[in-house]
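The next block is query.txt, given as compact mmCIF, C-alpha atoms.
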```txt
# COMPACT_ATOMS: atom_id res chain seq x y z
CA MET A 938 16.46 -106.81 27.82
CA LYS A 939 15.28 -103.88 29.83
CA HIS A 940 17.87 -102.46 32.25
CA LEU A 941 16.68 -101.41 35.68
CA ASN A 942 17.44 -97.74 35.35
CA LYS A 943 15.07 -96.88 38.20
CA ALA A 944 17.13 -98.93 40.64
CA THR A 945 20.37 -97.49 39.40
CA ALA A 946 18.98 -93.98 39.75
CA LEU A 947 17.84 -94.76 43.27
CA ALA A 948 21.30 -95.95 44.28
CA LEU A 949 22.85 -92.91 42.67
CA LEU A 950 20.50 -90.63 44.57
CA MET A 951 21.48 -92.38 47.80
CA SER A 952 25.14 -91.89 47.09
CA LEU A 953 24.72 -88.17 46.58
CA SER A 954 22.65 -87.55 49.68
CA GLY A 955 25.56 -87.30 52.08
CA THR A 956 28.33 -84.75 52.37
CA VAL A 957 30.97 -85.39 49.74
CA TYR A 958 34.56 -85.07 50.99
CA THR A 959 40.38 -88.03 50.16
CA THR A 960 43.08 -89.59 48.67
CA ALA A 961 41.93 -92.49 46.56
CA ALA A 962 44.19 -95.43 46.05
CA VAL A 963 45.90 -95.04 42.72
CA ALA A 964 44.21 -97.23 40.15
CA ALA A 965 46.45 -99.42 38.00
CA PRO A 966 44.32 -100.42 35.01
CA ASP A 967 45.64 -102.92 32.47
CA TYR A 968 44.74 -101.04 29.27
CA ALA A 969 45.58 -103.94 26.98
CA LYS A 970 43.21 -106.19 28.88
CA ILE A 971 40.57 -103.46 28.90
CA GLU A 972 40.71 -103.15 25.13
CA GLU A 973 40.49 -106.91 24.81
CA ARG A 974 37.36 -106.95 26.94
CA LYS A 975 35.77 -104.13 24.99
CA LYS A 976 36.37 -105.92 21.70
CA ALA A 977 35.16 -109.29 22.95
CA LYS A 978 32.18 -110.82 21.22
CA THR A 979 28.88 -109.82 22.83
CA LYS A 980 27.43 -112.66 24.87
CA ILE A 981 23.74 -113.51 24.98
CA MET A 982 21.73 -115.68 27.32
CA GLY A 983 20.77 -119.22 26.56
CA GLU A 984 17.25 -119.79 25.24
CA ARG A 985 15.85 -121.38 28.41
CA THR A 986 17.26 -118.66 30.68
CA GLY A 987 16.20 -115.97 28.25
CA LYS A 988 12.57 -117.08 28.24
CA LYS A 989 12.41 -117.05 32.02
CA VAL A 990 14.05 -113.62 32.19
CA VAL A 991 11.56 -112.23 29.64
CA LYS A 992 8.71 -113.57 31.78
CA ALA A 993 10.27 -111.97 34.87
CA PHE A 994 10.50 -108.63 33.12
CA ASP A 995 6.90 -108.82 31.99
CA LEU A 996 5.99 -109.12 35.68
CA TYR A 997 8.39 -106.31 36.56
CA ASN A 998 6.78 -104.02 33.98
CA GLU A 999 3.44 -104.71 35.68
CA ASP A 1000 5.03 -103.55 38.96
CA LYS A 1001 4.94 -107.13 40.27
CA ILE A 1002 8.50 -107.00 41.52
CA ASP A 1003 8.15 -109.78 44.12
CA GLU A 1004 6.77 -112.12 41.47
CA ALA A 1005 9.56 -111.13 39.08
CA ILE A 1006 12.16 -111.91 41.76
CA ALA A 1007 10.55 -115.27 42.46
CA GLU A 1008 10.62 -116.11 38.74
CA LEU A 1009 14.33 -115.28 38.50
CA LYS A 1010 15.20 -117.23 41.64
CA GLU A 1011 13.74 -120.38 40.11
CA LEU A 1012 16.51 -120.28 37.53
CA ASP A 1013 19.68 -122.32 37.95
CA PRO A 1014 21.71 -121.47 34.84
CA SER A 1015 24.50 -123.81 33.81
CA ASN A 1016 27.05 -121.24 32.60
CA ASP A 1017 28.74 -118.27 34.27
CA PHE A 1018 27.33 -115.65 31.91
CA ASP A 1019 23.71 -116.68 32.46
CA LYS A 1020 24.25 -116.96 36.23
CA ALA A 1021 25.87 -113.53 36.36
CA THR A 1022 23.08 -112.02 34.28
CA VAL A 1023 20.34 -113.43 36.51
CA ASN A 1024 22.19 -112.27 39.63
CA ARG A 1025 22.60 -108.86 38.07
CA TYR A 1026 18.85 -108.49 37.55
CA LEU A 1027 18.09 -109.83 41.02
CA GLY A 1028 20.51 -107.31 42.51
CA ASN A 1029 18.86 -104.44 40.66
CA MET A 1030 15.37 -105.52 41.68
CA TYR A 1031 16.31 -105.89 45.33
CA ALA A 1032 17.89 -102.44 45.17
CA GLN A 1033 14.63 -101.03 43.89
CA LYS A 1034 12.80 -102.70 46.78
CA GLU A 1035 15.36 -101.05 49.12
CA ARG A 1036 16.50 -104.47 50.32
CA TYR A 1037 20.08 -103.30 49.99
CA ASP A 1038 21.84 -106.19 51.74
CA ASP A 1039 20.22 -108.63 49.31
CA ALA A 1040 21.01 -106.33 46.41
CA ILE A 1041 24.68 -106.17 47.43
CA LYS A 1042 24.86 -109.96 47.77
CA TYR A 1043 23.49 -110.64 44.30
CA ILE A 1044 25.51 -107.91 42.62
CA ARG A 1045 28.70 -109.25 44.19
CA SER A 1046 27.77 -112.67 42.81
CA ALA A 1047 27.16 -111.14 39.39
CA ILE A 1048 30.54 -109.41 39.37
CA ALA A 1049 32.63 -112.27 40.77
CA PRO A 1050 33.03 -114.52 37.67
CA ASP A 1051 33.87 -111.55 35.39
CA ALA A 1052 31.56 -113.10 32.82
CA LEU A 1053 29.29 -110.20 31.82
CA ASN A 1054 29.69 -108.01 28.79
CA PHE A 1055 32.08 -105.09 29.38
CA LYS A 1056 29.54 -102.30 29.92
CA ASP A 1057 27.26 -104.39 32.14
CA GLN A 1058 30.21 -105.45 34.32
CA ALA A 1059 31.40 -101.83 34.57
CA ASP A 1060 27.92 -100.54 35.46
CA LEU A 1061 27.61 -103.16 38.21
CA TYR A 1062 30.85 -102.03 39.83
CA LYS A 1063 29.46 -98.50 40.03
CA LEU A 1064 26.08 -99.64 41.32
CA LEU A 1065 27.74 -101.80 43.95
CA GLY A 1066 29.85 -98.86 45.08
CA ASP A 1067 26.74 -96.69 45.32
CA LEU A 1068 24.90 -99.32 47.38
CA LEU A 1069 27.87 -99.80 49.69
CA ILE A 1070 28.25 -96.10 50.35
CA GLY A 1071 24.49 -95.79 50.81
CA THR A 1072 24.59 -98.49 53.50
CA ASN A 1073 27.57 -96.95 55.32
CA LYS A 1074 30.06 -99.58 54.14
CA TYR A 1075 32.55 -96.88 53.28
CA GLN A 1076 35.78 -98.84 53.14
CA GLU A 1077 34.20 -101.43 50.84
CA ALA A 1078 32.77 -98.66 48.69
CA ILE A 1079 36.22 -97.11 48.23
CA LYS A 1080 37.64 -100.46 47.11
CA THR A 1081 34.75 -101.02 44.73
CA TYR A 1082 35.09 -97.62 43.09
CA ASN A 1083 38.80 -98.24 42.64
CA ASP A 1084 37.95 -101.65 41.17
CA TRP A 1085 35.70 -99.84 38.68
CA MET A 1086 38.59 -97.58 37.65
CA ASP A 1087 40.91 -100.59 37.32
CA PHE A 1088 38.33 -102.44 35.26
CA THR A 1089 37.39 -99.60 32.90
CA GLY A 1090 40.56 -97.49 32.83
CA GLU A 1091 38.22 -94.51 33.18
CA GLU A 1092 37.94 -91.63 35.64
CA ASP A 1093 34.67 -90.05 36.67
CA PRO A 1094 34.30 -86.90 38.82
CA LYS A 1095 31.28 -88.35 40.59
CA VAL A 1096 33.20 -91.50 41.48
CA TYR A 1097 36.07 -89.46 42.89
CA ALA A 1098 33.57 -87.38 44.86
CA ARG A 1099 32.00 -90.51 46.34
CA ILE A 1100 35.41 -91.86 47.29
CA ALA A 1101 36.03 -88.55 49.01
CA GLN A 1102 32.67 -88.81 50.73
CA ALA A 1103 33.52 -92.27 52.02
CA TYR A 1104 36.83 -91.10 53.48
CA TYR A 1105 35.07 -88.17 55.11
CA GLU A 1106 32.51 -90.45 56.73
CA LEU A 1107 35.40 -92.60 57.96
CA LYS A 1108 36.85 -89.42 59.53
CA GLN A 1109 39.99 -89.85 57.45
CA TYR A 1110 39.94 -86.15 56.65
CA SER A 1111 43.50 -85.90 55.37
CA LYS A 1112 42.54 -88.28 52.54
CA VAL A 1113 39.66 -86.15 51.32
CA ILE A 1114 41.51 -83.51 49.35
CA GLU A 1115 43.05 -85.48 46.49
CA PRO A 1116 39.89 -87.16 45.17
CA ALA A 1117 37.94 -83.93 45.67
CA ASP A 1118 40.57 -82.13 43.59
CA LYS A 1119 40.33 -84.81 40.92
CA ALA A 1120 36.55 -84.46 40.86
CA ILE A 1121 36.93 -80.69 40.45
CA LYS A 1122 39.47 -81.09 37.66
CA LEU A 1123 37.49 -83.68 35.73
CA ASP A 1124 34.02 -82.12 35.89
CA ALA A 1125 33.16 -79.98 32.89
CA GLU A 1126 31.10 -77.59 35.02
CA PRO A 1127 32.04 -76.17 38.44
CA ASN A 1128 30.41 -78.16 41.22
CA LYS A 1129 29.92 -76.54 44.62
CA GLN A 1130 29.72 -79.85 46.39
CA TYR A 1131 33.22 -80.89 45.41
CA HIS A 1132 34.64 -77.67 46.85
CA MET A 1133 32.51 -78.00 49.96
CA LEU A 1134 34.06 -81.40 50.56
CA LYS A 1135 37.46 -79.75 50.74
CA ILE A 1136 36.20 -77.00 53.01
CA GLY A 1137 34.60 -79.51 55.39
CA SER A 1138 37.79 -81.54 55.48
CA PHE A 1139 40.02 -78.53 56.11
CA PHE A 1140 37.78 -77.39 58.94
CA GLU A 1141 37.93 -80.81 60.57
CA LEU A 1142 41.73 -80.65 60.27
CA LYS A 1143 41.66 -77.08 61.65
CA LYS A 1144 43.37 -75.85 58.49
CA TYR A 1145 41.26 -72.72 58.38
CA LYS A 1146 43.45 -70.79 55.98
CA ASP A 1147 43.16 -73.60 53.44
CA ALA A 1148 39.40 -73.62 53.92
CA VAL A 1149 39.33 -69.86 53.27
CA LYS A 1150 41.26 -70.31 50.01
CA VAL A 1151 38.65 -72.77 48.75
CA ALA A 1152 35.83 -70.48 49.87
CA GLU A 1153 37.46 -67.62 47.93
CA ILE A 1154 37.41 -69.80 44.80
CA LEU A 1155 33.71 -70.51 45.33
CA VAL A 1156 32.92 -66.78 45.46
CA LYS A 1157 34.67 -66.33 42.12
CA LEU A 1158 32.90 -69.32 40.58
CA PHE A 1159 29.43 -68.51 41.95
CA PRO A 1160 29.40 -64.73 42.56
CA GLU A 1161 25.61 -64.49 42.41
CA GLU A 1162 25.02 -67.02 45.17
CA PRO A 1163 24.47 -65.37 48.56
CA LYS A 1164 25.74 -68.33 50.57
CA MET A 1165 29.18 -68.17 48.94
CA TRP A 1166 29.69 -64.64 50.24
CA THR A 1167 28.34 -65.09 53.75
CA GLN A 1168 30.19 -68.37 54.11
CA LEU A 1169 33.50 -66.80 53.13
CA GLY A 1170 32.85 -63.82 55.36
CA SER A 1171 32.29 -66.05 58.37
CA PHE A 1172 35.40 -68.11 57.62
CA TYR A 1173 37.65 -65.07 57.91
CA MET A 1174 36.66 -64.93 61.57
CA GLN A 1175 38.47 -68.26 62.06
CA THR A 1176 41.68 -66.88 60.54
CA GLU A 1177 41.33 -63.57 62.41
CA ASP A 1178 41.50 -61.72 59.12
CA TYR A 1179 38.99 -59.16 60.27
CA SER A 1180 39.66 -56.61 57.54
CA GLU A 1181 39.00 -59.09 54.70
CA GLY A 1182 36.03 -60.45 56.59
CA LEU A 1183 34.53 -56.98 56.89
CA THR A 1184 35.01 -56.29 53.19
CA VAL A 1185 33.25 -59.50 52.16
CA MET A 1186 30.40 -59.15 54.63
CA GLU A 1187 29.84 -55.51 53.67
CA ILE A 1188 29.48 -56.54 50.03
CA ALA A 1189 27.05 -59.31 50.99
CA TYR A 1190 25.08 -56.85 53.14
CA ARG A 1191 24.81 -54.27 50.36
CA LYS A 1192 23.74 -56.94 47.87
CA GLY A 1193 20.98 -58.10 50.23
CA TYR A 1194 22.54 -61.54 50.67
CA PHE A 1195 21.99 -61.84 54.41
CA GLU A 1196 19.62 -64.70 55.18
CA LYS A 1197 20.32 -65.49 58.82
CA GLU A 1198 20.50 -63.59 62.08
CA ASN A 1199 24.09 -64.71 62.45
CA HIS A 1200 25.10 -62.78 59.31
CA TYR A 1201 24.17 -59.48 61.00
CA LYS A 1202 26.02 -60.54 64.11
CA ILE A 1203 29.16 -61.34 62.12
CA LEU A 1204 29.11 -58.03 60.22
CA SER A 1205 28.62 -56.03 63.43
CA SER A 1206 31.41 -57.99 65.09
CA TYR A 1207 33.72 -57.15 62.18
CA TYR A 1208 32.91 -53.45 62.49
CA SER A 1209 33.71 -53.63 66.18
CA LEU A 1210 36.92 -55.62 65.65
CA ASN A 1211 38.00 -53.09 63.02
CA ASP A 1212 37.41 -50.23 65.48
CA ILE A 1213 34.26 -48.96 63.76
CA PRO A 1214 31.84 -49.55 66.66
CA TYR A 1215 29.31 -46.91 65.62
CA LYS A 1216 28.62 -48.75 62.36
CA ALA A 1217 28.34 -51.97 64.35
CA ALA A 1218 25.71 -50.32 66.52
CA VAL A 1219 23.76 -48.81 63.62
CA VAL A 1220 23.70 -52.04 61.59
CA PHE A 1221 22.67 -54.16 64.56
CA GLU A 1222 20.06 -51.65 65.72
CA LYS A 1223 18.50 -51.58 62.26
CA ALA A 1224 18.47 -55.38 62.13
CA LEU A 1225 16.65 -55.39 65.48
CA LYS A 1226 14.08 -52.85 64.30
CA ASP A 1227 13.54 -54.69 60.99
CA GLY A 1228 13.06 -58.02 62.73
CA LYS A 1229 16.12 -59.55 61.09
CA VAL A 1230 17.59 -60.14 64.52
CA GLU A 1231 15.40 -61.38 67.33
CA ARG A 1232 14.88 -58.87 70.12
CA THR A 1233 16.41 -61.00 72.88
CA LYS A 1234 18.26 -59.80 75.94
CA GLN A 1235 21.55 -60.91 74.41
CA ASN A 1236 20.99 -59.04 71.16
CA VAL A 1237 19.75 -55.87 72.83
CA THR A 1238 22.78 -55.97 75.13
CA ALA A 1239 25.04 -56.31 72.09
CA THR A 1240 23.50 -53.15 70.61
CA ALA A 1241 24.12 -51.36 73.89
CA SER A 1242 27.70 -52.60 73.97
CA TYR A 1243 28.42 -51.30 70.44
CA TYR A 1244 26.99 -47.87 71.29
CA HIS A 1245 28.99 -47.92 74.53
CA GLN A 1246 32.16 -48.74 72.58
CA ALA A 1247 31.36 -45.88 70.19
CA LYS A 1248 30.91 -43.53 73.18
CA HIS A 1249 27.29 -42.84 72.31
CA LEU A 1250 26.49 -43.12 75.97
CA VAL A 1251 22.82 -42.15 76.06
CA ASP A 1252 21.96 -44.60 73.27
CA ALA A 1253 23.97 -47.28 75.05
CA ALA A 1254 22.14 -46.57 78.30
CA LYS A 1255 18.78 -46.87 76.55
CA TYR A 1256 19.60 -50.35 75.28
CA TYR A 1257 21.20 -51.49 78.54
CA GLU A 1258 17.98 -50.54 80.30
CA GLU A 1259 15.87 -52.35 77.71
CA ALA A 1260 18.01 -55.45 78.14
CA ALA A 1261 17.73 -55.15 81.93
CA LYS A 1262 13.94 -55.28 81.74
CA PHE A 1263 13.98 -58.81 80.31
CA ASP A 1264 14.73 -60.30 83.71
CA ASN A 1265 15.33 -57.37 86.09
CA ASP A 1266 19.09 -57.44 85.64
CA ALA A 1267 20.55 -55.19 88.33
CA GLU A 1268 23.97 -54.95 86.68
CA LEU A 1269 22.52 -53.70 83.40
CA TYR A 1270 20.45 -51.08 85.25
CA ARG A 1271 23.68 -50.02 86.99
CA LYS A 1272 25.46 -49.74 83.64
CA ALA A 1273 22.63 -47.64 82.23
CA GLY A 1274 22.72 -45.35 85.23
CA SER A 1275 26.50 -44.97 85.14
CA LEU A 1276 26.45 -44.04 81.44
CA LEU A 1277 23.64 -41.55 81.94
CA LEU A 1278 25.71 -39.97 84.72
CA THR A 1279 28.69 -39.64 82.38
CA GLY A 1280 26.32 -38.21 79.76
CA GLN A 1281 25.16 -35.63 82.34
CA LYS A 1282 21.62 -36.98 82.44
CA PHE A 1283 21.65 -36.80 86.22
CA SER A 1284 17.97 -37.25 87.05
CA ALA A 1285 17.69 -40.25 84.72
CA ALA A 1286 20.89 -41.68 86.17
CA VAL A 1287 19.46 -41.51 89.70
CA GLU A 1288 16.39 -43.47 88.65
CA ARG A 1289 18.41 -46.32 87.05
CA LEU A 1290 20.98 -46.48 89.84
CA ASN A 1291 18.28 -46.71 92.48
CA LYS A 1292 16.64 -49.48 90.45
CA ALA A 1293 19.95 -51.38 90.46
CA LEU A 1294 20.18 -51.05 94.23
CA GLU A 1295 16.56 -52.12 94.65
CA LEU A 1296 17.29 -55.29 92.61
CA GLY A 1297 20.42 -56.10 94.64
CA THR A 1298 23.39 -55.19 92.46
CA ASP A 1299 26.67 -56.92 93.29
CA LYS A 1300 28.49 -53.61 92.87
CA GLU A 1301 26.79 -51.72 95.65
CA GLY A 1302 29.75 -49.49 96.46
CA ASN A 1303 30.20 -48.27 92.89
CA THR A 1304 26.47 -47.77 92.50
CA TYR A 1305 26.24 -45.62 95.63
CA THR A 1306 29.30 -43.64 94.53
CA ASP A 1307 27.70 -42.91 91.14
CA LEU A 1308 24.42 -42.10 92.86
CA ALA A 1309 26.17 -39.64 95.15
CA GLU A 1310 27.76 -37.93 92.17
CA ALA A 1311 24.44 -37.72 90.32
CA TYR A 1312 22.78 -36.10 93.37
CA LEU A 1313 25.74 -33.77 93.84
CA TYR A 1314 25.50 -32.38 90.32
CA GLN A 1315 21.82 -31.68 91.01
CA GLU A 1316 22.87 -29.93 94.23
CA LYS A 1317 20.92 -32.47 96.28
CA TYR A 1318 23.56 -32.53 98.97
CA LYS A 1319 21.69 -34.48 101.63
CA GLN A 1320 20.90 -37.32 99.25
CA ALA A 1321 24.46 -37.20 97.91
CA TYR A 1322 25.90 -37.45 101.41
CA GLN A 1323 23.57 -40.33 102.34
CA ALA A 1324 24.64 -42.21 99.22
CA ILE A 1325 28.36 -41.69 99.81
CA VAL A 1326 28.01 -42.87 103.41
CA LYS A 1327 26.42 -46.08 102.12
CA ALA A 1328 29.33 -46.45 99.67
CA GLN A 1329 31.69 -46.64 102.68
CA GLU A 1330 30.08 -49.94 103.69
CA ASP A 1331 31.66 -51.61 100.66
CA PRO A 1332 35.36 -52.41 101.23
CA ARG A 1333 36.04 -51.87 97.53
CA THR A 1334 34.93 -48.21 97.62
CA ARG A 1335 35.41 -47.34 101.31
CA LYS A 1336 38.59 -45.27 100.98
CA PHE A 1337 37.36 -43.31 97.97
CA ALA A 1338 33.94 -42.75 99.57
CA ARG A 1339 35.42 -41.31 102.77
CA GLY A 1340 37.29 -38.67 100.80
CA TRP A 1341 34.17 -37.85 98.84
CA ALA A 1342 32.08 -37.66 101.98
CA THR A 1343 34.26 -34.87 103.32
CA PHE A 1344 34.13 -33.05 100.00
CA ILE A 1345 30.32 -33.28 99.78
CA LYS A 1346 29.87 -32.14 103.38
CA ASP A 1347 32.12 -29.12 102.88
CA LYS A 1348 30.38 -28.16 99.65
CA ALA A 1349 26.98 -28.44 101.31
CA GLN A 1350 28.09 -26.19 104.16
CA ARG A 1351 29.37 -23.56 101.71
CA LYS A 1352 25.93 -23.64 100.07
CA GLY A 1353 24.28 -23.24 103.44
CA VAL A 1354 22.89 -26.76 103.53
CA LYS A 1355 23.10 -28.56 106.84
CA ILE A 1356 23.81 -32.27 106.61
```
Show the structure stored in the file as structure tokens.
Amino acid sequence: MKHLNKATALALLMSLSGTVYTTAAVAAPDYAKIEERKKAKTKIMGERTGKKVVKAFDLYNEDKIDEAIAELKELDPSNDFDKATVNRYLGNMYAQKERYDDAIKYIRSAIAPDALNFKDQADLYKLLGDLLIGTNKYQEAIKTYNDWMDFTGEEDPKVYARIAQAYYELKQYSKVIEPADKAIKLDAEPNKQYHMLKIGSFFELKKYKDAVKVAEILVKLFPEEPKMWTQLGSFYMQTEDYSEGLTVMEIAYRKGYFEKENHYKILSSYYSLNDIPYKAAVVFEKALKDGKVERTKQNVTATASYYHQAKHLVDAAKYYEEAAKFDNDAELYRKAGSLLLTGQKFSAAVERLNKALELGTDKEGNTYTDLAEAYLYQEKYKQAYQAIVKAQEDPRTRKFARGWATFIKDKAQRKGVKI
């Protein structure tokens, strides 16, 4: 008879489509009974049932699945083996039609009498587990996969991974690790998904250091995969291991592994957190110019902030002003003006500070104080005095401004300027 490999493949594909993340119940197979089953004489269908099944499969091969199902449903076999076999084929056909509830019903009926040949019975357990997990019946899927292990005495990394997946979907995150570890141990080739199950589980449990350890393993196993590096680099942020995070992200940056805007943000943040703000500024500025990071107000402000932190005041002022222009942000114009004042760019400082006042800055007193200083250094004593008088209207700068007013007035008089 032809087995419905297409249906089995479909169910398998379904089972792998979710995130795989467990502690499976320990299987207790009866190995003596398993050997007895394996050695049992192969059963075959009765002649009457066999003829009908052949006819059904002729229809199936012509892609007449509904007709094939109807043919099989007409059968009422008299013995358990024939009944189980017919139910098995019905279950597979319904699975192929994506009528999963019907498929599950018939496959359960096929399994129940334990009448099929060993391999067919074992395959049905797996298919049932796949269908259950694909229809979100996670607890039932876990039981079915464990039944498969009990029945066969075998272990399969994919089965352990699906058990882990089911526990993850049930939000039983503490039970994810053991089956994921078993899947990792049993698989001949390293499988990223099995490790990702552990990482996802550890993150849900807020065990970030454990997640980092798994991510470090992934980098060693898949060193040529960009995502492994950027993922690990971002995880170090959770554990506040900024030095290690910087090392990993620098390597990823040099190798050209950055694929997302957030990667540039993380690297620049690490430079800043490791007290290397100038590199943070240079990297982020380049990413802006190259279009790797979108030129938004937030990102331009970040560039300004890094330059500010690095005490490159004129560059910081330039970016604060650019950010201010997005929505006429008075505070950012004030920051630009204040930095230009400190950088002794007095004329430019006056322009930005006046813009901040025009837009209604919340820090009027400080702005007028800076404006007075900028005018003073240009020996524009009248304007300086007018600005410092305005600064006295703000309670936060009144006392300071009064002292400065006297100083400016005296200096103007010594220069022969009447105020």
Worksheet item: Can you find the residues with an atom no farther than 12 Å from (25.0, -29.1, 107.8), counting all atoms listed in the file, and report them as a ChimeraX atom specification?
Response: /A:1318-1319,1322,1343,1345-1356
Worksheet, complete the sentence: Lys1108 in chain A proximity check over A:Leu1027, A:Leu1142, A:Leu1313, A:Ile1121, using all atoms listed in the file: winner is A:Leu1142
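Straight-line separation from CA of Thr1233 in chain A to CA of Thr1304 in chain A: 25.7 Å.
With CA of Thr986 in chain A on one side and CA of Ala1052 in chain A on the other, the separation reads 15.5 Å.
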Fill in: Length of the CA of Phe1283 in chain A to CA of Phe1337 in chain A vector [Å]
20.7 Å
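Residue nearest Lys1080 in chain A, chosen from A:Lys1056, A:Lys1119, A:Lys1063, A:Lys1129 and counting all atoms listed in the file: A:Lys1063.
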Can you tell me, as lines of an AutoDock Vina configuration file, the centre and edge lengths (Å, one decimal) of the axis-aligned box enclosing all of range 1154-1169 of chain A's listed atoms after padding each side by 8 Å?
```
center_x = 30.9
center_y = -67.5
center_z = 47.3
size_x = 28.9
size_y = 22.0
size_z = 29.5
```
Item to complete: List every protein, DNA or RNA residue that has an atom no more than 12 Å from (24.8, -59.4, 49.6) in the file's coordinate frame, counting all atoms listed in the file, and report them as a list of chain:residue names.
Response: A:Val1156, A:Pro1160, A:Glu1161, A:Glu1162, A:Pro1163, A:Lys1164, A:Met1165, A:Trp1166, A:Thr1167, A:Gln1168, A:Leu1169, A:Gly1170, A:Thr1184, A:Val1185, A:Met1186, A:Glu1187, A:Ile1188, A:Ala1189, A:Tyr1190, A:Arg1191, A:Lys1192, A:Gly1193, A:Tyr1194, A:Phe1195, A:Glu1196, A:Lys1197, A:His1200, A:Tyr1201, A:Leu1204
Discussion item. Could you check the closest approach to Glu1268 in chain A for each of A:Glu1077, A:Asp1252, A:Asp1299, A:Glu1115 and tell me which residue wins, using all atoms listed in the file?
Written reply: A:Asp1299
Worksheet entry | Counting only C-alpha atoms, the option among A:Ala969, A:Val1096, A:Val1113, A:Leu1158 closest to Asn1128 in chain A | A:Leu1158
Please provide as a PDB file with C-alpha atoms, in the coordinates of the input all residues within 12 Å of Arg1232 in chain A, with the sequence filter that same-chain residues fewer than 6 positions apart are discarded (counting all atoms listed in the file).
```pdb
ATOM      1  CA  GLU A1198      20.500 -63.590  62.080  1.00  0.00           C
ATOM      2  CA  PHE A1221      22.670 -54.160  64.560  1.00  0.00           C
ATOM      3  CA  GLU A1222      20.060 -51.650  65.720  1.00  0.00           C
ATOM      4  CA  LYS A1223      18.500 -51.580  62.260  1.00  0.00           C
ATOM      5  CA  ALA A1224      18.470 -55.380  62.130  1.00  0.00           C
ATOM      6  CA  LEU A1225      16.650 -55.390  65.480  1.00  0.00           C
ATOM      7  CA  LYS A1226      14.080 -52.850  64.300  1.00  0.00           C
ATOM      8  CA  THR A1238      22.780 -55.970  75.130  1.00  0.00           C
ATOM      9  CA  ALA A1239      25.040 -56.310  72.090  1.00  0.00           C
ATOM     10  CA  THR A1240      23.500 -53.150  70.610  1.00  0.00           C
ATOM     11  CA  TYR A1256      19.600 -50.350  75.280  1.00  0.00           C
ATOM     12  CA  GLU A1259      15.870 -52.350  77.710  1.00  0.00           C
ATOM     13  CA  ALA A1260      18.010 -55.450  78.140  1.00  0.00           C
ATOM     14  CA  PHE A1263      13.980 -58.810  80.310  1.00  0.00           C
TER      15      PHE A1263
END
```
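Counting all atoms listed in the file, the residue from A:Lys1135, A:Arg1099, A:Lys1202, A:Lys1317 that sits nearest to Lys1229 in chain A is A:Lys1202.
Residues in contact with range 1286-1298 of chain A at 9 Å, where only C-alpha atoms are counted and same-chain residues fewer than 6 positions away are skipped, are listed as Glu1258, Asn1265, Asp1266, Ala1267, Glu1268, Leu1269, Tyr1270, Arg1271, Lys1272, Ala1273, Gly1274, Ser1275, Leu1276, Leu1277, Leu1278, Thr1279, Thr1304, Tyr1305, Asp1307, Leu1308, Ala1309, Ala1311 and Tyr1312 of chain A.
With all atoms listed in the file as the atoms that count, the residue of A:Arg974, A:Lys1282, A:Lys992, A:Lys1143 with the shortest distance to Leu1053 in chain A is A:Arg974.
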